[in-house]
Every structure is written in structure tokens, then in C-alpha cells.
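Quick look at input_30.tsv (TSV, C-alpha atoms):
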```tsv
chain	number	residue	atom	x	y	z
N	1	MET	CA	24.86	22.19	-2.34
N	2	GLN	CA	24.49	23.18	1.30
N	3	LEU	CA	23.06	26.53	0.27
N	4	LEU	CA	20.44	24.76	-1.86
N	5	SER	CA	19.57	22.50	1.08
N	6	LYS	CA	19.12	25.50	3.37
N	7	THR	CA	16.85	27.12	0.77
N	8	ILE	CA	14.64	24.02	0.74
N	9	VAL	CA	14.60	23.85	4.54
N	10	ASN	CA	13.58	27.51	4.75
N	11	TRP	CA	10.78	26.84	2.27
N	12	TYR	CA	9.74	23.81	4.34
N	13	ASN	CA	9.54	25.74	7.59
N	14	ILE	CA	7.05	28.09	5.95
N	15	ASN	CA	5.03	25.68	3.82
N	16	LYS	CA	5.07	22.26	5.50
N	17	ARG	CA	1.86	20.45	6.29
N	18	GLU	CA	1.01	19.67	9.89
N	19	LEU	CA	0.94	15.88	10.03
N	20	PRO	CA	0.67	13.59	13.08
N	21	TRP	CA	3.86	11.69	12.24
N	22	ARG	CA	5.91	14.83	11.72
N	23	ASP	CA	8.13	16.55	14.31
N	24	ILE	CA	8.29	13.41	16.45
N	25	ASP	CA	11.16	11.06	17.21
N	26	ASP	CA	9.15	7.90	17.90
N	27	PRO	CA	10.57	5.31	15.44
N	28	TYR	CA	7.47	3.12	15.74
N	29	ARG	CA	5.03	5.82	14.63
N	30	ILE	CA	7.42	7.04	11.92
N	31	TRP	CA	7.69	3.46	10.67
N	32	ILE	CA	3.92	2.98	10.53
N	33	SER	CA	3.46	6.26	8.65
N	34	GLU	CA	6.18	5.47	6.14
N	35	ILE	CA	4.76	2.03	5.36
N	36	ILE	CA	1.25	3.45	4.89
N	37	LEU	CA	2.52	6.25	2.66
N	38	GLN	CA	4.54	3.95	0.40
N	39	GLN	CA	1.53	3.33	-1.82
N	40	THR	CA	-1.04	5.71	-0.35
N	41	ARG	CA	-1.60	9.45	-0.61
N	42	VAL	CA	-1.38	11.50	2.58
N	43	ASN	CA	-5.04	12.55	2.57
N	44	GLN	CA	-6.16	8.94	2.14
N	45	GLY	CA	-3.70	7.49	4.62
N	46	MET	CA	-4.29	9.93	7.47
N	47	ASN	CA	-7.38	8.28	8.97
N	48	TYR	CA	-5.90	4.82	8.52
N	49	TYR	CA	-2.78	5.93	10.38
N	50	LEU	CA	-4.77	7.40	13.28
N	51	ARG	CA	-6.98	4.30	13.59
N	52	PHE	CA	-4.00	1.96	13.36
N	53	ILE	CA	-2.00	3.84	16.02
N	54	GLU	CA	-5.01	4.02	18.32
N	55	ARG	CA	-5.47	0.24	18.16
N	56	PHE	CA	-1.76	-0.67	18.02
N	57	PRO	CA	0.00	2.16	19.92
N	58	ASN	CA	3.37	0.42	20.18
N	59	VAL	CA	5.43	-2.50	18.93
N	60	SER	CA	4.39	-4.84	21.74
N	61	VAL	CA	0.67	-4.40	21.12
N	62	LEU	CA	1.14	-4.95	17.38
N	63	ALA	CA	3.32	-8.02	17.94
N	64	CYS	CA	0.70	-9.63	20.22
N	65	ALA	CA	-2.21	-9.00	17.85
N	66	GLU	CA	-3.70	-11.61	15.54
N	67	GLU	CA	-2.82	-11.18	11.87
N	68	ASP	CA	-6.49	-11.21	10.92
N	69	GLU	CA	-7.10	-8.13	13.08
N	70	VAL	CA	-4.05	-6.32	11.66
N	71	LEU	CA	-5.34	-6.99	8.15
N	72	LYS	CA	-8.81	-5.79	9.14
N	73	TYR	CA	-7.37	-2.44	10.27
N	74	TRP	CA	-5.46	-2.28	6.98
N	75	GLN	CA	-8.55	-3.06	4.91
N	76	GLY	CA	-8.95	-0.61	2.03
N	77	LEU	CA	-5.30	0.48	1.88
N	78	GLY	CA	-4.30	-2.29	-0.53
N	79	TYR	CA	-0.85	-3.84	-0.92
N	80	TYR	CA	-1.62	-6.09	2.04
N	81	SER	CA	1.90	-7.52	2.14
N	82	ARG	CA	2.74	-4.22	3.87
N	83	ALA	CA	0.46	-5.12	6.78
N	84	ARG	CA	1.71	-8.70	6.96
N	85	ASN	CA	5.31	-7.47	7.04
N	86	LEU	CA	4.48	-4.87	9.71
N	87	HIS	CA	3.14	-7.65	11.89
N	88	LYS	CA	6.13	-9.89	11.16
N	89	ALA	CA	8.61	-7.08	11.89
N	90	ALA	CA	6.85	-6.25	15.15
N	91	LYS	CA	7.34	-9.86	16.23
N	92	GLN	CA	11.01	-9.62	15.23
N	93	ILE	CA	11.43	-6.52	17.40
N	94	ALA	CA	9.61	-8.18	20.30
N	95	ASN	CA	11.71	-11.34	20.09
N	96	GLU	CA	15.14	-10.01	19.05
N	97	PHE	CA	15.18	-6.52	20.59
N	98	LYS	CA	12.98	-7.05	23.68
N	99	GLY	CA	10.27	-4.84	22.20
N	100	VAL	CA	12.56	-1.84	21.69
N	101	PHE	CA	12.82	-0.48	18.14
N	102	PRO	CA	16.45	-0.90	16.98
N	103	THR	CA	18.58	2.20	16.56
N	104	GLU	CA	21.28	0.82	14.26
N	105	HIS	CA	20.67	1.28	10.55
N	106	GLN	CA	21.72	-2.26	9.63
N	107	ALA	CA	19.41	-3.75	12.26
N	108	VAL	CA	16.50	-1.68	10.98
N	109	LEU	CA	17.25	-2.87	7.43
N	110	LYS	CA	16.88	-6.49	8.51
N	111	LEU	CA	13.30	-6.03	9.65
N	112	ALA	CA	10.60	-7.54	7.43
N	113	GLY	CA	9.30	-5.18	4.77
N	114	ILE	CA	11.92	-2.49	5.40
N	115	GLY	CA	14.19	-1.55	2.51
N	116	VAL	CA	16.78	1.13	1.93
N	117	TYR	CA	14.25	3.96	1.66
N	118	THR	CA	12.25	3.11	4.79
N	119	ALA	CA	15.36	2.41	6.90
N	120	ALA	CA	16.80	5.78	5.90
N	121	ALA	CA	13.54	7.54	6.74
N	122	ILE	CA	13.27	5.95	10.19
N	123	CYS	CA	16.92	6.46	11.10
N	124	SER	CA	17.08	10.05	9.90
N	125	PHE	CA	13.70	11.18	11.25
N	126	ALA	CA	13.85	9.37	14.61
N	127	TYR	CA	17.59	9.40	15.31
N	128	ASN	CA	18.89	12.19	13.02
N	129	GLN	CA	21.31	9.74	11.42
N	130	PRO	CA	22.97	10.74	8.10
N	131	TYR	CA	21.08	8.55	5.64
N	132	PRO	CA	19.48	10.19	2.58
N	133	VAL	CA	15.86	9.36	1.82
N	134	VAL	CA	15.20	8.83	-1.89
N	135	ASP	CA	11.52	8.45	-2.77
N	136	GLY	CA	9.59	9.48	-5.87
N	137	ASN	CA	9.45	13.09	-4.75
N	138	VAL	CA	13.20	13.22	-4.17
N	139	TYR	CA	13.94	11.61	-7.54
N	140	ARG	CA	11.85	14.30	-9.19
N	141	VAL	CA	13.46	17.23	-7.38
N	142	LEU	CA	17.03	16.02	-7.90
N	143	SER	CA	16.56	15.06	-11.55
N	144	ARG	CA	15.09	18.47	-12.37
N	145	LEU	CA	17.39	20.54	-10.19
N	146	PHE	CA	20.55	18.96	-11.59
N	147	GLY	CA	19.24	18.15	-15.07
N	148	ILE	CA	19.75	14.37	-14.88
N	149	ASP	CA	18.03	12.27	-17.54
N	150	THR	CA	19.30	8.88	-16.41
N	151	PRO	CA	16.22	6.67	-15.97
N	152	ILE	CA	15.35	6.43	-12.29
N	153	ASP	CA	14.20	2.82	-12.71
N	154	SER	CA	17.55	1.63	-14.08
N	155	GLY	CA	20.40	0.19	-12.04
N	156	LYS	CA	22.64	3.03	-13.17
N	157	GLY	CA	20.03	5.60	-12.21
N	158	VAL	CA	19.43	4.16	-8.75
N	159	LYS	CA	23.16	4.30	-7.99
N	160	GLN	CA	23.61	7.76	-9.49
N	161	PHE	CA	20.74	9.29	-7.51
N	162	ALA	CA	21.82	7.51	-4.31
N	163	ARG	CA	25.27	9.12	-4.60
N	164	LEU	CA	23.78	12.51	-5.43
N	165	ALA	CA	21.33	12.32	-2.52
N	166	GLN	CA	24.20	11.47	-0.17
N	167	ASP	CA	26.30	14.39	-1.47
N	168	PHE	CA	23.29	16.71	-1.19
N	169	LEU	CA	22.49	15.66	2.38
N	170	ASP	CA	23.02	18.28	5.07
N	171	LEU	CA	24.94	16.26	7.66
N	172	SER	CA	24.25	18.83	10.36
N	173	GLN	CA	20.49	18.20	10.17
N	174	PRO	CA	19.82	15.11	8.02
N	175	GLY	CA	16.33	14.46	9.37
N	176	LEU	CA	15.13	17.98	8.69
N	177	HIS	CA	16.84	18.00	5.28
N	178	ASN	CA	15.12	14.76	4.24
N	179	GLN	CA	11.70	15.91	5.45
N	180	ALA	CA	12.09	19.22	3.64
N	181	LEU	CA	13.24	17.65	0.38
N	182	MET	CA	10.37	15.17	0.32
N	183	GLU	CA	7.80	17.85	1.14
N	184	PHE	CA	9.27	20.13	-1.51
N	185	GLY	CA	8.65	17.44	-4.11
N	186	ALA	CA	5.15	16.76	-2.80
N	187	LEU	CA	3.97	20.38	-2.78
N	188	GLN	CA	6.26	22.53	-4.94
N	189	CYS	CA	8.09	20.42	-7.52
N	190	VAL	CA	4.99	18.39	-8.38
N	191	PRO	CA	4.80	15.90	-11.28
N	192	ALA	CA	2.57	17.93	-13.59
N	193	SER	CA	2.61	21.69	-14.24
N	194	PRO	CA	4.78	22.79	-11.30
N	195	ASP	CA	4.71	26.51	-10.48
N	196	CYS	CA	8.35	27.09	-11.39
N	197	LYS	CA	8.06	30.87	-11.31
N	198	SER	CA	7.37	30.81	-7.58
N	199	CYS	CA	10.01	28.17	-6.88
N	200	PRO	CA	12.88	29.39	-4.65
N	201	LEU	CA	15.26	27.14	-6.61
N	202	SER	CA	14.31	28.33	-10.08
N	203	MET	CA	17.48	30.37	-10.53
N	204	ASP	CA	19.61	27.29	-9.74
N	205	CYS	CA	17.47	24.70	-11.57
N	206	ARG	CA	19.13	23.45	-14.73
N	207	THR	CA	15.92	22.02	-16.11
N	208	PHE	CA	14.01	25.27	-15.61
N	209	GLU	CA	16.66	27.08	-17.60
N	210	SER	CA	16.29	24.64	-20.50
N	211	GLY	CA	12.49	24.49	-20.37
N	212	MET	CA	12.54	20.69	-19.98
N	213	VAL	CA	10.88	20.40	-16.56
N	214	SER	CA	8.01	18.23	-17.82
N	215	SER	CA	10.41	15.67	-19.34
N	216	LEU	CA	12.04	14.73	-16.03
N	217	PRO	CA	12.44	12.43	-14.27
N	218	VAL	CA	12.85	9.74	-16.91
N	219	LYS	CA	11.32	6.32	-16.33
N	220	THR	CA	11.63	3.62	-18.97
N	221	GLN	CA	10.04	0.46	-17.65
N	222	LYS	CA	6.33	0.03	-18.23
N	223	VAL	CA	4.20	-1.93	-15.79
N	224	LYS	CA	2.77	-5.07	-17.36
N	225	VAL	CA	-0.91	-5.27	-16.52
N	226	LYS	CA	-2.73	-8.59	-16.52
N	227	GLU	CA	-6.51	-8.89	-16.71
N	228	ARG	CA	-8.25	-11.48	-14.55
N	229	PHE	CA	-11.90	-12.52	-14.28
N	230	PHE	CA	-13.40	-13.38	-10.86
N	231	ASN	CA	-16.82	-14.94	-10.47
N	232	TYR	CA	-17.71	-14.76	-6.77
N	233	LEU	CA	-20.42	-17.04	-5.41
N	234	VAL	CA	-22.35	-15.41	-2.57
N	235	VAL	CA	-24.03	-18.50	-1.13
N	236	GLU	CA	-26.97	-18.04	1.25
N	237	LEU	CA	-28.25	-20.74	3.59
N	238	GLN	CA	-30.68	-19.89	6.38
N	239	GLY	CA	-29.09	-16.51	7.12
N	240	ASN	CA	-25.53	-17.79	6.77
N	241	THR	CA	-22.95	-17.44	4.03
N	242	PHE	CA	-19.61	-19.06	3.21
N	243	ILE	CA	-16.13	-17.55	2.98
N	244	GLN	CA	-12.56	-18.73	2.62
N	245	LYS	CA	-9.11	-17.31	3.31
N	246	ARG	CA	-6.93	-16.63	0.27
N	247	THR	CA	-3.59	-18.40	0.46
N	248	GLY	CA	-0.57	-18.80	-1.79
N	249	ALA	CA	1.59	-16.19	-3.47
N	250	ASP	CA	-1.21	-14.13	-5.01
N	251	ILE	CA	-3.02	-10.86	-4.49
N	252	TRP	CA	-4.95	-10.36	-1.25
N	253	LYS	CA	-3.10	-13.15	0.56
N	254	ASN	CA	-4.72	-14.05	3.91
N	255	LEU	CA	-7.79	-11.92	3.22
N	256	TYR	CA	-11.23	-13.51	3.16
N	257	GLU	CA	-13.51	-13.88	0.16
N	258	PHE	CA	-16.57	-15.68	-1.10
N	259	PRO	CA	-16.14	-18.96	-3.00
N	260	LEU	CA	-14.46	-18.02	-6.26
N	261	ILE	CA	-14.37	-19.40	-9.76
N	262	GLU	CA	-11.68	-17.67	-11.81
N	263	SER	CA	-12.13	-17.96	-15.57
N	264	ASP	CA	-11.22	-16.28	-18.83
N	265	HIS	CA	-14.46	-14.26	-18.85
N	266	LEU	CA	-17.27	-13.19	-16.54
N	267	PHE	CA	-20.10	-15.67	-16.17
N	268	THR	CA	-23.73	-15.31	-17.03
N	269	ALA	CA	-26.28	-17.81	-15.71
N	270	ASP	CA	-25.83	-19.84	-18.90
N	271	ASP	CA	-22.07	-20.01	-18.29
N	272	LEU	CA	-22.37	-20.84	-14.59
N	273	LEU	CA	-24.74	-23.80	-14.54
N	274	PRO	CA	-22.70	-26.13	-16.79
N	275	ASN	CA	-19.35	-25.06	-15.29
N	276	ALA	CA	-17.44	-28.04	-13.84
N	277	ASP	CA	-16.27	-26.19	-10.74
N	278	PHE	CA	-19.81	-24.99	-10.03
N	279	ILE	CA	-21.24	-28.48	-10.44
N	280	ALA	CA	-18.58	-29.99	-8.16
N	281	LEU	CA	-19.10	-27.36	-5.44
N	282	PHE	CA	-22.86	-27.89	-5.23
N	283	ASN	CA	-22.96	-31.63	-5.90
N	284	GLY	CA	-25.66	-33.30	-3.83
N	285	ILE	CA	-27.50	-30.12	-2.90
N	286	ASN	CA	-31.20	-30.49	-3.60
N	287	LYS	CA	-31.93	-26.96	-4.74
N	288	VAL	CA	-29.63	-24.18	-5.98
N	289	ASP	CA	-31.30	-20.96	-7.10
N	290	ILE	CA	-29.58	-18.00	-8.74
N	291	VAL	CA	-30.98	-15.01	-6.86
N	292	ASN	CA	-28.98	-12.27	-8.55
N	293	ILE	CA	-25.95	-11.60	-10.71
N	294	SER	CA	-24.40	-8.21	-10.02
N	295	THR	CA	-23.40	-5.65	-12.58
N	296	PRO	CA	-19.82	-6.39	-13.70
N	297	VAL	CA	-17.19	-4.47	-11.73
N	298	LYS	CA	-13.77	-3.35	-12.93
N	299	HIS	CA	-11.21	-3.07	-10.12
N	300	VAL	CA	-7.80	-1.65	-11.07
N	301	LEU	CA	-4.64	-2.62	-9.20
N	302	THR	CA	-1.05	-1.72	-10.07
N	303	HIS	CA	-0.30	-4.93	-11.95
N	304	ARG	CA	-3.79	-6.34	-12.35
N	305	ILE	CA	-7.20	-5.38	-13.65
N	306	ILE	CA	-9.82	-7.50	-11.93
N	307	HIS	CA	-13.16	-7.93	-13.66
N	308	ALA	CA	-15.70	-9.36	-11.22
N	309	VAL	CA	-19.30	-10.36	-10.78
N	310	PHE	CA	-21.01	-11.41	-7.56
N	311	ILE	CA	-23.49	-14.22	-8.10
N	312	THR	CA	-25.90	-14.58	-5.19
N	313	LEU	CA	-27.19	-18.13	-4.74
N	314	SER	CA	-29.76	-19.61	-2.39
N	315	ILE	CA	-29.29	-23.26	-1.43
N	316	SER	CA	-31.55	-25.70	0.39
N	317	ASN	CA	-28.92	-27.66	2.29
N	318	LYS	CA	-25.17	-28.00	2.84
N	319	ASN	CA	-22.93	-30.66	1.29
N	320	ARG	CA	-19.46	-31.96	2.14
N	321	GLN	CA	-17.71	-29.54	-0.26
N	322	LEU	CA	-19.09	-26.49	1.53
N	323	GLU	CA	-17.67	-27.80	4.81
N	324	ASP	CA	-14.25	-26.79	3.45
N	325	TYR	CA	-15.40	-23.16	3.73
N	326	ILE	CA	-16.05	-21.03	6.81
N	327	GLU	CA	-19.77	-20.74	7.49
N	328	ILE	CA	-20.73	-17.47	9.18
N	329	PRO	CA	-23.89	-15.42	9.76
N	330	VAL	CA	-24.28	-12.92	6.94
N	331	ASN	CA	-24.30	-10.02	9.41
N	332	GLN	CA	-20.87	-11.02	10.76
N	333	ILE	CA	-18.90	-10.70	7.54
N	334	ASP	CA	-17.80	-7.18	8.51
N	335	GLU	CA	-15.64	-8.77	11.21
N	336	TYR	CA	-13.37	-10.31	8.57
N	337	ALA	CA	-10.66	-8.58	6.54
N	338	VAL	CA	-11.63	-8.52	2.88
N	339	SER	CA	-10.35	-6.84	-0.25
N	340	ARG	CA	-11.61	-3.40	-1.22
N	341	LEU	CA	-13.42	-5.08	-4.14
N	342	ILE	CA	-15.53	-7.21	-1.79
N	343	GLU	CA	-15.90	-4.36	0.68
N	344	MET	CA	-17.47	-2.20	-2.06
N	345	PHE	CA	-19.87	-5.01	-2.95
N	346	LEU	CA	-20.95	-5.30	0.68
N	347	GLU	CA	-21.38	-1.53	0.99
N	348	ASN	CA	-23.55	-1.34	-2.12
N	349	ARG	CA	-25.51	-4.39	-1.08
N	350	GLY	CA	-26.41	-2.74	2.22
```

Using C-alpha cells, write down the structure that the file contains.
Amino acid sequence: MQLLSKTIVNWYNINKRELPWRDIDDPYRIWISEIILQQTRVNQGMNYYLRFIERFPNVSVLACAEEDEVLKYWQGLGYYSRARNLHKAAKQIANEFKGVFPTEHQAVLKLAGIGVYTAAAICSFAYNQPYPVVDGNVYRVLSRLFGIDTPIDSGKGVKQFARLAQDFLDLSQPGLHNQALMEFGALQCVPASPDCKSCPLSMDCRTFESGMVSSLPVKTQKVKVKERFFNYLVVELQGNTFIQKRTGADIWKNLYEFPLIESDHLFTADDLLPNADFIALFNGINKVDIVNISTPVKHVLTHRIIHAVFITLSISNKNRQLEDYIEIPVNQIDEYAVSRLIEMFLENRG
């Protein structure tokens, strides 16, 4: 196995991408990059990483920041629990480790939002500790190289690949080994139509020999997707509008949004006016005019498909119900962290 590892490392030294979080030993910057890249492609995450590091250059600065600002810098990356956990973990480090990123693997694992994969990445990249990193790229390389068809999303598969990754790890240079293996999966052993003929491991790859490369890795569980229908009310009053912060265990927690009526379908004007929630929200207001109803938007998330319309309303006065919302000048909404769905509406609205 060590010979195979050295082959991958040699390939890496020739083919690796130059990335700002690579070839450094700063655990903070490695941590930020790994969290961003969990659900984000490198080319998309690069600018977010650079902006985030510029604003929050170390743990102490991040820990002292307001959550709203952290979420604003995360806006557009999605999976906002990542940003909330980053902020929470930074506070843990500030309070429990005097602002110094922990060096022990078990201590790193206890930080908010850090699991086995991320802890291994930080400890191996920053401290050269012997922990194997097993991400989607590594699953793919190992399953194909060794011809393993155990589903990677099964308990048995997770344990089997964890053992294999540990056995495969080059203990003399674990950080370099992990970086090389991940990059090999990202650039060479890609999910679809890999160039196996140019692969330096083709002669040792069991799956290449059998012609079954496209069938691995195996994943059995299908993501259940739920459709939801959001009717946003963009209320205008003398140059101001109204927003609220999303709370509870739901998507986009702690982000801001317009008043929302969720239903089992998207509203037209005929649906909106007799709706009980609409009537209650604008009770006592002398005049409510529907200015515009946007074209329906389909916004796809991992576990959700959001169908949305933005209904712009002009009102003559404010009632008690609207006092439960945050009233802001329309031109200040960019200062608040919002979902990508609302951000796109604002961009198109001009």
C-alpha cells in the first residue's frame, strides 16, 4: 500500500492546484476552508474563503463578531448551520483554549460542527497527525482501487472504509498523503468518465481491470425531497419595508426574510386576498394594494424544493401586527443576511 500512496503523492506534486489554504499549517484557516468546502465546490468557495478570512483573520476576531455579520459573510454559500457552528466553535476556542486552536484530536472533535472528517483534516494538515481523511473523493478512489462494492452510506461501509483508509495512510507523511488522495479523487478519479488510461494507478486498480469503474462507489440511500410553497409579502410603506428573522429548527435559521405565508400552493391575487393569515396581518390598515406578483421561482436545496413568489404590496399605514416585524428603509436590506432565494429576488429587482 505504501507504494500506491507514494504514486499518488508523486502525481499530486505534479498536478495539484494552487489553493490559498494549501501548504500552510494554520489550523484556523484550514478549518475555515474545510467547512466551506463541505458542501461547496472549490471554484465557488474560493472568493467566499478569501472574503471571510480577510474579515475574520483569526479565531479571536470571529469569536467577537456578531452572528448576523458572520451569516452575512456566509450569504450565498447555503447550509447556514455551518456558519453558526463556526461562530459557536470560535467562542468555544476563545473561552476554553484562550483563543488558541487546540492541537489534540479529541479536543478538536468536541468543537461545534466538527466531525470525524473535519477533525482528521485539521489535525493531519496542520499538525501532521496520523488521522486518515475520508471524504467523497477518498471513498471513490478507495472503492475503485480496491474493488469494494459495500455501500458507502451504510454502517458497514463507513467502518470498512475507515479501516482501509487507516491501513492505506502513510504514517511518515499523513498530511501530504491525505491532501494527495483527496486531490487525486477531485481531478483524476472523477465521478463520471474518468481518464483511466492516463491514471498512474490503472495497473493496480481492480475496478479498471474488470471494467466496472462507473459502478463504484455504491450508494443506496436516496435523499427524500420535500416540496414547499413560500409566498413572500414585500410590504412597502413610505420607502420602508418589513423583515423578520427566521427561528426554529428549519432551513435558513437566523437569516432574515420578508413576511411569509407558507401554503400548499403558490398564491395568485385571488388566493391572497381571502387568505386568513393575510387578512390578520393587514387588519386595520386602510389601504392595501397589490403592486406586483413575481414570476414563480423554483429554488432547489438538498432536501427541499422551494417554490416561491414575491408579492409586492403598498400600504397606507402601519398596524399593530406589523410592529412585530423589523421596519427598515428599503435601501438598507443589503445589510442583512438573507437566503440566496431572497438575494436573487433583490438582484433582479434592482

10 Å contact set for range 161-166 of chain N, only C-alpha atoms, chain neighbours under 5 positions out, as a PyMOL selection string: chain N and resi 130-134+138-139+142-143+146+148+150-152+156+171+174+178

Mind dumping the selected residues with C-alpha atoms as an mmCIF file, in the frame of the given file?
```
data_model
loop_
_atom_site.group_PDB
_atom_site.id
_atom_site.type_symbol
_atom_site.label_atom_id
_atom_site.label_comp_id
_atom_site.auth_asym_id
_atom_site.auth_seq_id
_atom_site.Cartn_x
_atom_site.Cartn_y
_atom_site.Cartn_z
ATOM 1 C CA PRO N 130 22.970 10.740 8.100
ATOM 2 C CA TYR N 131 21.080 8.550 5.640
ATOM 3 C CA PRO N 132 19.480 10.190 2.580
ATOM 4 C CA VAL N 133 15.860 9.360 1.820
ATOM 5 C CA VAL N 134 15.200 8.830 -1.890
ATOM 6 C CA VAL N 138 13.200 13.220 -4.170
ATOM 7 C CA TYR N 139 13.940 11.610 -7.540
ATOM 8 C CA LEU N 142 17.030 16.020 -7.900
ATOM 9 C CA SER N 143 16.560 15.060 -11.550
ATOM 10 C CA PHE N 146 20.550 18.960 -11.590
ATOM 11 C CA ILE N 148 19.750 14.370 -14.880
ATOM 12 C CA THR N 150 19.300 8.880 -16.410
ATOM 13 C CA PRO N 151 16.220 6.670 -15.970
ATOM 14 C CA ILE N 152 15.350 6.430 -12.290
ATOM 15 C CA LYS N 156 22.640 3.030 -13.170
ATOM 16 C CA LEU N 171 24.940 16.260 7.660
ATOM 17 C CA PRO N 174 19.820 15.110 8.020
ATOM 18 C CA ASN N 178 15.120 14.760 4.240
#
```

If we count all atoms listed in the file and set the cut-off at 9 Å, which residues sit around Leu86 in chain N, ignoring sequence neighbours fewer than 6 positions away in its own chain? Please answer as a list of chain:residue names. N:Trp31, N:Ile32, N:Ile35, N:Leu62, N:Ala63, N:Val70, N:Leu111, N:Ala112, N:Gly113, N:Ile114

Output of the above residues as a PDB file, keeping the file's coordinate frame, restricted to C-alpha atoms:
```pdb
ATOM      1  CA  TRP N  31       7.690   3.460  10.670  1.00  0.00           C
ATOM      2  CA  ILE N  32       3.920   2.980  10.530  1.00  0.00           C
ATOM      3  CA  ILE N  35       4.760   2.030   5.360  1.00  0.00           C
ATOM      4  CA  LEU N  62       1.140  -4.950  17.380  1.00  0.00           C
ATOM      5  CA  ALA N  63       3.320  -8.020  17.940  1.00  0.00           C
ATOM      6  CA  VAL N  70      -4.050  -6.320  11.660  1.00  0.00           C
ATOM      7  CA  LEU N 111      13.300  -6.030   9.650  1.00  0.00           C
ATOM      8  CA  ALA N 112      10.600  -7.540   7.430  1.00  0.00           C
ATOM      9  CA  GLY N 113       9.300  -5.180   4.770  1.00  0.00           C
ATOM     10  CA  ILE N 114      11.920  -2.490   5.400  1.00  0.00           C
TER      11      ILE N 114
END
```

What lies within 10 Å of Lys287 in chain N using all atoms listed in the file, ignoring chain neighbours under 2 positions off, as a list in words? Phe282, Gly284, Ile285, Asp289, Ser314, Ile315, Ser316 and Asn317 of chain N

Have a look at CA of Gly175 in chain N and CA of Ile30 in chain N and let me know their distance in Å, one decimal.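 Answer for the CA of Gly175 in chain N to CA of Ile30 in chain N separation: 11.9 Å.
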
N:Ile122, N:Pro57, N:Glu66, N:Ala337 ranked by distance to Asn254 in chain N, top pick (using only C-alpha atoms): N:Ala337

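Our summary of the geometry notes that CA of Arg41 in chain N is positioned 27.2 Å from CA of Pro102 in chain N.
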
Contacts of Pro329 in chain N at 8 Å (all atoms listed in the file; same-chain gap of 3+ positions) as a PyMOL selection string: chain N and resi 239-241+332-333

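Considering the residues N:Gly136, N:Gly155, N:Pro259, N:Gly211 and counting only C-alpha atoms, Val190 in chain N has its shortest atom-to-atom contact with N:Gly136.
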
Which residue, N:Ser5, N:Val300, N:Lys72, N:Ser214, has the smallest gap to Leu201 in chain N when you use only C-alpha atoms?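 Result for the nearest residue to Leu201 in chain N: N:Ser5.
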
Non-local contacts of Gln75 in chain N (8 Å; all atoms listed in the file; under 5 positions in same chain excluded) as a VMD selection string: chain N and resid 337 to 340

In Å, rounded to a single decimal, give me how far CA of Phe310 in chain N is from CA of Phe230 in chain N.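 According to the coordinates, CA of Phe230 in chain N and CA of Phe310 in chain N are separated by 8.5 Å.
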
Between N:Val141, N:Thr7, N:Asp68, N:Asp25, which has the minimum distance to Ser124 in chain N (counting only C-alpha atoms)? N:Asp25

Could you pull out every residue with an atom within 10 Å of (-1.6, -3.8, -17.5), file coordinates, counting all atoms listed in the file, and send them as a list of chain:residue names? N:Lys222, N:Val223, N:Lys224, N:Val225, N:Lys226, N:Glu227, N:Val300, N:Leu301, N:Thr302, N:His303, N:Arg304, N:Ile305

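Applying the 10 Å criterion to (-22.3, -30.7, 0.9) in file coordinates and using all atoms listed in the file, one obtains the residues Ala280, Leu281, Phe282, Asn283, Gly284, Ile285, Asn286, Asn317, Lys318, Asn319, Arg320, Gln321, Leu322, Glu323 and Asp324 of chain N.
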
Preceding selection exported with C-alpha atoms as a compact mmCIF listing (two decimals), keeping the file's coordinate frame:
```txt
# COMPACT_ATOMS: atom_id res chain seq x y z
CA ALA N 280 -18.58 -29.99 -8.16
CA LEU N 281 -19.10 -27.36 -5.44
CA PHE N 282 -22.86 -27.89 -5.23
CA ASN N 283 -22.96 -31.63 -5.90
CA GLY N 284 -25.66 -33.30 -3.83
CA ILE N 285 -27.50 -30.12 -2.90
CA ASN N 286 -31.20 -30.49 -3.60
CA ASN N 317 -28.92 -27.66 2.29
CA LYS N 318 -25.17 -28.00 2.84
CA ASN N 319 -22.93 -30.66 1.29
CA ARG N 320 -19.46 -31.96 2.14
CA GLN N 321 -17.71 -29.54 -0.26
CA LEU N 322 -19.09 -26.49 1.53
CA GLU N 323 -17.67 -27.80 4.81
CA ASP N 324 -14.25 -26.79 3.45
```

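Among N:Met46, N:Ile311, N:Leu266, N:Ile251, the residue with the shortest atom-to-atom distance to Glu34 in chain N, counting only C-alpha atoms, is N:Met46.
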